[in-house]
Amino acid sequence: MRSPITGIAAGVPFTALPPADGGPAPLIVTWHMLDAPRSDAAFAAAVPMNGLPAWRVHLGMPMCGARMVDGTMDAGLELLRKDVLMAALYPILVQATEEFPAALESIRAQLPVGDGPVGVLGGSLGGAVALRILADNDIPVFAGAVVNAAIRMRSVVGLFPGEYPYDAESEKVADSVDFVAQAATLAGRAPLLVVSGELDHPSLRADALDLVNAVGDGTELLSIPGLAHALADEPGIEPAPQLPSAREVDAGLTTWFRRHLADAG
């Protein structure tokens, strides 16, 4: 197994895992969780998908990992306390989505990944990024996958303490991040694997099932026994040994992307 490659792609930090021969191969891009693992390096260690004949490039999310303000999570936690939706979750989602095309162009200039369709994968809020790429972007994708994903923003906001004070603007924002409502757009875009931990938050687990049912053909649900929301132990910033539940997720993702790599060209 080759060592990870770290770098910056159009301002976005990344951890790249090469295929066995280190040569030209299709590309799978990932976005990590805000829970553990909450950095590109930690996500790469949790779900490395070793053995795939593909480059796996794990992108860092805004305000996380190398982009934490002053090297700590304090600034991000303060934004969550200030306004979980409008100051934290939604701006992070928007920035991660909008910076992807330039990051992808830079990755293609740095690594031998070609210009064919890519795979996309995201966990938790990173799952919302992957789904938004599928729903709102015309970059060719050969297959997608999400793990314990933020499928409906209202469900995610509801996980935080207290009743959120929705107003007209935040209502509109929350409704715009509902991928069950966008099922018709997602249908036929690319095969999609929805991974759901059987011990994940009940609302997120229900959303996962709703998404699979709404999108229909080409979408599959993979339930992981014993998996709660996180894929790694706290603090989840540095790479750590793979947990047994994450190993099951990793195996499912590896099988899924291997099945669809032929469509990467």
# chains A, B, ... in the order shown; residues from 1 in each chain; ligands from 1

call {"tool": "residues_around", "arguments": {"residues": "Leu231 (chain A)", "least_positions_apart": "3", "cutoff": "12 Å", "atoms": "only C-alpha atoms", "output": "mmCIF file with N, CA and C atoms, in the first residue's frame"}}
result
data_model
loop_
_atom_site.group_PDB
_atom_site.id
_atom_site.type_symbol
_atom_site.label_atom_id
_atom_site.label_comp_id
_atom_site.auth_asym_id
_atom_site.auth_seq_id
_atom_site.Cartn_x
_atom_site.Cartn_y
_atom_site.Cartn_z
ATOM 1 N N HIS A 32 -15.505 14.683 4.117
ATOM 2 C CA HIS A 32 -15.615 14.051 5.429
ATOM 3 C C HIS A 32 -16.775 14.617 6.257
ATOM 4 N N MET A 33 -16.930 14.068 7.439
ATOM 5 C CA MET A 33 -17.955 14.488 8.382
ATOM 6 C C MET A 33 -17.503 15.738 9.165
ATOM 7 N N LEU A 34 -18.467 16.356 9.869
ATOM 8 C CA LEU A 34 -18.109 17.309 10.917
ATOM 9 C C LEU A 34 -17.917 16.578 12.239
ATOM 10 N N ASP A 35 -18.551 15.411 12.387
ATOM 11 C CA ASP A 35 -18.230 14.508 13.484
ATOM 12 C C ASP A 35 -16.964 13.742 13.104
ATOM 13 N N ALA A 36 -16.448 12.937 14.039
ATOM 14 C CA ALA A 36 -15.260 12.133 13.735
ATOM 15 C C ALA A 36 -15.598 11.053 12.710
ATOM 16 N N PRO A 37 -14.756 10.959 11.667
ATOM 17 C CA PRO A 37 -13.522 11.671 11.355
ATOM 18 C C PRO A 37 -13.794 13.018 10.686
ATOM 19 N N ARG A 38 -13.219 14.080 11.223
ATOM 20 C CA ARG A 38 -13.530 15.441 10.795
ATOM 21 C C ARG A 38 -12.368 16.135 10.092
ATOM 22 N N SER A 39 -11.571 15.374 9.396
ATOM 23 C CA SER A 39 -10.534 15.945 8.529
ATOM 24 C C SER A 39 -10.334 15.004 7.353
ATOM 25 N N ALA A 42 -8.114 12.044 8.411
ATOM 26 C CA ALA A 42 -8.804 11.092 9.286
ATOM 27 C C ALA A 42 -9.853 10.294 8.517
ATOM 28 N N PHE A 43 -10.542 10.939 7.577
ATOM 29 C CA PHE A 43 -11.542 10.238 6.764
ATOM 30 C C PHE A 43 -10.852 9.214 5.862
ATOM 31 N N ALA A 44 -9.686 9.584 5.333
ATOM 32 C CA ALA A 44 -8.924 8.653 4.497
ATOM 33 C C ALA A 44 -8.530 7.411 5.283
ATOM 34 N N ALA A 45 -8.231 7.576 6.568
ATOM 35 C CA ALA A 45 -7.863 6.428 7.397
ATOM 36 C C ALA A 45 -9.077 5.584 7.757
ATOM 37 N N ALA A 46 -10.241 6.222 7.896
ATOM 38 C CA ALA A 46 -11.454 5.497 8.287
ATOM 39 C C ALA A 46 -12.032 4.696 7.137
ATOM 40 N N VAL A 47 -12.039 5.268 5.938
ATOM 41 C CA VAL A 47 -12.601 4.575 4.760
ATOM 42 C C VAL A 47 -11.625 4.703 3.581
ATOM 43 N N GLY A 122 -19.541 11.132 0.405
ATOM 44 C CA GLY A 122 -19.529 12.042 1.528
ATOM 45 C C GLY A 122 -20.141 11.427 2.759
ATOM 46 N N GLY A 123 -19.635 11.843 3.932
ATOM 47 C CA GLY A 123 -20.188 11.396 5.200
ATOM 48 C C GLY A 123 -20.809 12.539 5.962
ATOM 49 N N SER A 124 -22.006 12.335 6.504
ATOM 50 C CA SER A 124 -22.710 13.338 7.299
ATOM 51 C C SER A 124 -22.899 14.618 6.470
ATOM 52 N N VAL A 147 -22.697 8.343 3.466
ATOM 53 C CA VAL A 147 -22.675 7.578 4.713
ATOM 54 C C VAL A 147 -23.278 8.435 5.826
ATOM 55 N N ASN A 148 -24.355 7.943 6.442
ATOM 56 C CA ASN A 148 -25.018 8.685 7.528
ATOM 57 C C ASN A 148 -25.179 10.151 7.136
ATOM 58 N N VAL A 195 -25.487 4.569 2.618
ATOM 59 C CA VAL A 195 -25.045 3.771 3.757
ATOM 60 C C VAL A 195 -25.625 4.387 5.026
ATOM 61 N N SER A 196 -26.271 3.542 5.832
ATOM 62 C CA SER A 196 -26.942 4.033 7.034
ATOM 63 C C SER A 196 -26.617 3.129 8.216
ATOM 64 N N GLY A 197 -26.048 3.713 9.254
ATOM 65 C CA GLY A 197 -25.774 2.953 10.464
ATOM 66 C C GLY A 197 -27.060 2.632 11.201
ATOM 67 N N LEU A 199 -27.521 2.320 14.180
ATOM 68 C CA LEU A 199 -27.595 3.083 15.422
ATOM 69 C C LEU A 199 -27.436 4.578 15.170
ATOM 70 N N ASP A 200 -27.530 5.005 13.922
ATOM 71 C CA ASP A 200 -27.489 6.433 13.614
ATOM 72 C C ASP A 200 -28.731 7.111 14.195
ATOM 73 N N ILE A 224 -25.669 -0.814 8.230
ATOM 74 C CA ILE A 224 -24.489 -1.330 8.925
ATOM 75 C C ILE A 224 -24.839 -1.577 10.388
ATOM 76 N N GLY A 226 -24.658 -2.009 14.277
ATOM 77 C CA GLY A 226 -23.748 -1.512 15.292
ATOM 78 C C GLY A 226 -23.116 -0.165 15.009
ATOM 79 N N LEU A 227 -23.400 0.429 13.839
ATOM 80 C CA LEU A 227 -22.798 1.718 13.490
ATOM 81 C C LEU A 227 -23.686 2.852 13.970
ATOM 82 N N ALA A 228 -23.126 3.739 14.812
ATOM 83 C CA ALA A 228 -23.815 4.970 15.190
ATOM 84 C C ALA A 228 -23.497 6.024 14.118
ATOM 85 N N GLU A 234 -13.312 10.113 18.921
ATOM 86 C CA GLU A 234 -12.862 11.486 19.108
ATOM 87 C C GLU A 234 -11.364 11.510 19.421
ATOM 88 N N PRO A 235 -10.633 12.570 19.074
ATOM 89 C CA PRO A 235 -11.165 13.810 18.497
ATOM 90 C C PRO A 235 -11.384 13.757 16.989
ATOM 91 N N GLY A 236 -10.889 12.737 16.316
ATOM 92 C CA GLY A 236 -11.217 12.537 14.910
ATOM 93 C C GLY A 236 -10.545 13.472 13.935
ATOM 94 N N ILE A 237 -9.447 14.099 14.353
ATOM 95 C CA ILE A 237 -8.751 15.025 13.455
ATOM 96 C C ILE A 237 -7.555 14.346 12.785
ATOM 97 N N PRO A 239 -5.341 10.864 11.615
ATOM 98 C CA PRO A 239 -5.625 9.484 11.211
ATOM 99 C C PRO A 239 -5.534 8.550 12.413
ATOM 100 N N ALA A 240 -6.433 7.581 12.476
ATOM 101 C CA ALA A 240 -6.506 6.656 13.598
ATOM 102 C C ALA A 240 -6.782 5.253 13.073
ATOM 103 N N PRO A 241 -6.501 4.222 13.870
ATOM 104 C CA PRO A 241 -6.822 2.862 13.434
ATOM 105 C C PRO A 241 -8.299 2.724 13.091
ATOM 106 N N GLN A 242 -8.577 1.960 12.076
ATOM 107 C CA GLN A 242 -9.937 1.797 11.569
ATOM 108 C C GLN A 242 -10.794 1.004 12.560
ATOM 109 N N LEU A 243 -11.936 1.560 12.938
ATOM 110 C CA LEU A 243 -12.859 0.870 13.830
ATOM 111 C C LEU A 243 -13.547 -0.279 13.087
ATOM 112 N N PRO A 244 -13.998 -1.318 13.815
ATOM 113 C CA PRO A 244 -14.683 -2.435 13.145
ATOM 114 C C PRO A 244 -15.894 -1.997 12.329
ATOM 115 N N SER A 245 -16.695 -1.061 12.857
ATOM 116 C CA SER A 245 -17.875 -0.607 12.106
ATOM 117 C C SER A 245 -17.467 0.153 10.853
ATOM 118 N N ALA A 246 -16.402 0.958 10.943
ATOM 119 C CA ALA A 246 -15.913 1.668 9.764
ATOM 120 C C ALA A 246 -15.362 0.692 8.738
ATOM 121 N N ARG A 247 -14.789 -0.411 9.218
ATOM 122 C CA ARG A 247 -14.268 -1.428 8.297
ATOM 123 C C ARG A 247 -15.398 -2.011 7.455
ATOM 124 N N GLU A 248 -16.567 -2.187 8.062
ATOM 125 C CA GLU A 248 -17.723 -2.688 7.301
ATOM 126 C C GLU A 248 -18.187 -1.670 6.277
ATOM 127 N N VAL A 249 -18.209 -0.404 6.675
ATOM 128 C CA VAL A 249 -18.568 0.656 5.732
ATOM 129 C C VAL A 249 -17.570 0.675 4.576
ATOM 130 N N ASP A 250 -16.296 0.613 4.910
ATOM 131 C CA ASP A 250 -15.227 0.638 3.919
ATOM 132 C C ASP A 250 -15.380 -0.508 2.921
#

call {"tool": "residues_around", "arguments": {"residues": "Pro165 (chain A)", "least_positions_apart": "5", "cutoff": "10 Å", "atoms": "only C-alpha atoms", "output": "ChimeraX atom specification"}}
result
/A:83,170-171

call {"tool": "residues_around", "arguments": {"residues": "region 51-53 of chain A", "least_positions_apart": "4", "cutoff": "12 Å", "atoms": "only C-alpha atoms", "output": "ChimeraX atom specification"}}
result
/A:1-2,17-28,47,113,250-251,253-262,264

call {"tool": "select_by_dssp", "arguments": {"residues": "region 37-250 of chain A", "states": "strand (DSSP E or B)", "output": "PyMOL selection string"}}
result
chain A and resi 55-59+118-123+141-147+152+178+192-197+219-224

call {"tool": "closest_residue", "arguments": {"among": "A:Val120, A:Ile133, A:Ala128, A:Ala230", "to": "Leu192 (chain A)", "atoms": "only C-alpha atoms"}}
result
A:Val120

call {"tool": "atom_distance", "arguments": {"atom1": "CA of Gly126 (chain A)", "atom2": "CA of Trp31 (chain A)"}}
result
4.6 Å

call {"tool": "closest_residue", "arguments": {"among": "A:Asn213, A:Gln95, A:Thr15, A:Thr219", "to": "Ile107 (chain A)", "atoms": "only C-alpha atoms"}}
result
A:Thr15

call {"tool": "decode", "arguments": {"residues": "region 181-223 of chain A", "atoms": "C-alpha atoms", "output": "PDB file, in the first residue's frame"}}
result
ATOM      1  CA  ALA A 181     -37.568  16.521  -2.501  1.00  0.00           C
ATOM      2  CA  GLN A 182     -34.914  16.560  -5.259  1.00  0.00           C
ATOM      3  CA  ALA A 183     -35.230  12.841  -5.963  1.00  0.00           C
ATOM      4  CA  ALA A 184     -36.399  13.414  -9.524  1.00  0.00           C
ATOM      5  CA  THR A 185     -33.193  15.344 -10.256  1.00  0.00           C
ATOM      6  CA  LEU A 186     -31.021  12.684  -8.627  1.00  0.00           C
ATOM      7  CA  ALA A 187     -32.765   9.824 -10.438  1.00  0.00           C
ATOM      8  CA  GLY A 188     -30.669   8.758 -13.393  1.00  0.00           C
ATOM      9  CA  ARG A 189     -27.788  11.108 -12.534  1.00  0.00           C
ATOM     10  CA  ALA A 190     -25.536   8.284 -11.306  1.00  0.00           C
ATOM     11  CA  PRO A 191     -25.895   5.061  -9.323  1.00  0.00           C
ATOM     12  CA  LEU A 192     -26.110   5.967  -5.629  1.00  0.00           C
ATOM     13  CA  LEU A 193     -25.294   3.931  -2.521  1.00  0.00           C
ATOM     14  CA  VAL A 194     -26.876   5.168   0.723  1.00  0.00           C
ATOM     15  CA  VAL A 195     -25.045   3.771   3.757  1.00  0.00           C
ATOM     16  CA  SER A 196     -26.942   4.033   7.034  1.00  0.00           C
ATOM     17  CA  GLY A 197     -25.774   2.953  10.464  1.00  0.00           C
ATOM     18  CA  GLU A 198     -28.445   1.014  12.313  1.00  0.00           C
ATOM     19  CA  LEU A 199     -27.595   3.083  15.422  1.00  0.00           C
ATOM     20  CA  ASP A 200     -27.489   6.433  13.614  1.00  0.00           C
ATOM     21  CA  HIS A 201     -29.890   9.187  14.701  1.00  0.00           C
ATOM     22  CA  PRO A 202     -33.431   7.917  13.965  1.00  0.00           C
ATOM     23  CA  SER A 203     -34.296  10.986  11.891  1.00  0.00           C
ATOM     24  CA  LEU A 204     -31.230  10.574   9.669  1.00  0.00           C
ATOM     25  CA  ARG A 205     -31.896   6.873   9.294  1.00  0.00           C
ATOM     26  CA  ALA A 206     -35.487   7.601   8.248  1.00  0.00           C
ATOM     27  CA  ASP A 207     -34.236  10.167   5.733  1.00  0.00           C
ATOM     28  CA  ALA A 208     -31.860   7.578   4.254  1.00  0.00           C
ATOM     29  CA  LEU A 209     -34.706   5.155   3.663  1.00  0.00           C
ATOM     30  CA  ASP A 210     -36.900   7.927   2.239  1.00  0.00           C
ATOM     31  CA  LEU A 211     -34.150   8.938  -0.194  1.00  0.00           C
ATOM     32  CA  VAL A 212     -33.648   5.411  -1.486  1.00  0.00           C
ATOM     33  CA  ASN A 213     -37.372   4.925  -1.959  1.00  0.00           C
ATOM     34  CA  ALA A 214     -37.824   8.316  -3.622  1.00  0.00           C
ATOM     35  CA  VAL A 215     -34.922   8.035  -6.080  1.00  0.00           C
ATOM     36  CA  GLY A 216     -35.713   4.420  -6.948  1.00  0.00           C
ATOM     37  CA  ASP A 217     -33.810   2.516  -9.640  1.00  0.00           C
ATOM     38  CA  GLY A 218     -30.043   2.736  -9.390  1.00  0.00           C
ATOM     39  CA  THR A 219     -30.079   3.532  -5.684  1.00  0.00           C
ATOM     40  CA  GLU A 220     -29.283   1.021  -2.957  1.00  0.00           C
ATOM     41  CA  LEU A 221     -29.447   1.082   0.851  1.00  0.00           C
ATOM     42  CA  LEU A 222     -26.680  -0.542   2.884  1.00  0.00           C
ATOM     43  CA  SER A 223     -27.461  -0.844   6.615  1.00  0.00           C
TER      44      SER A 223
END
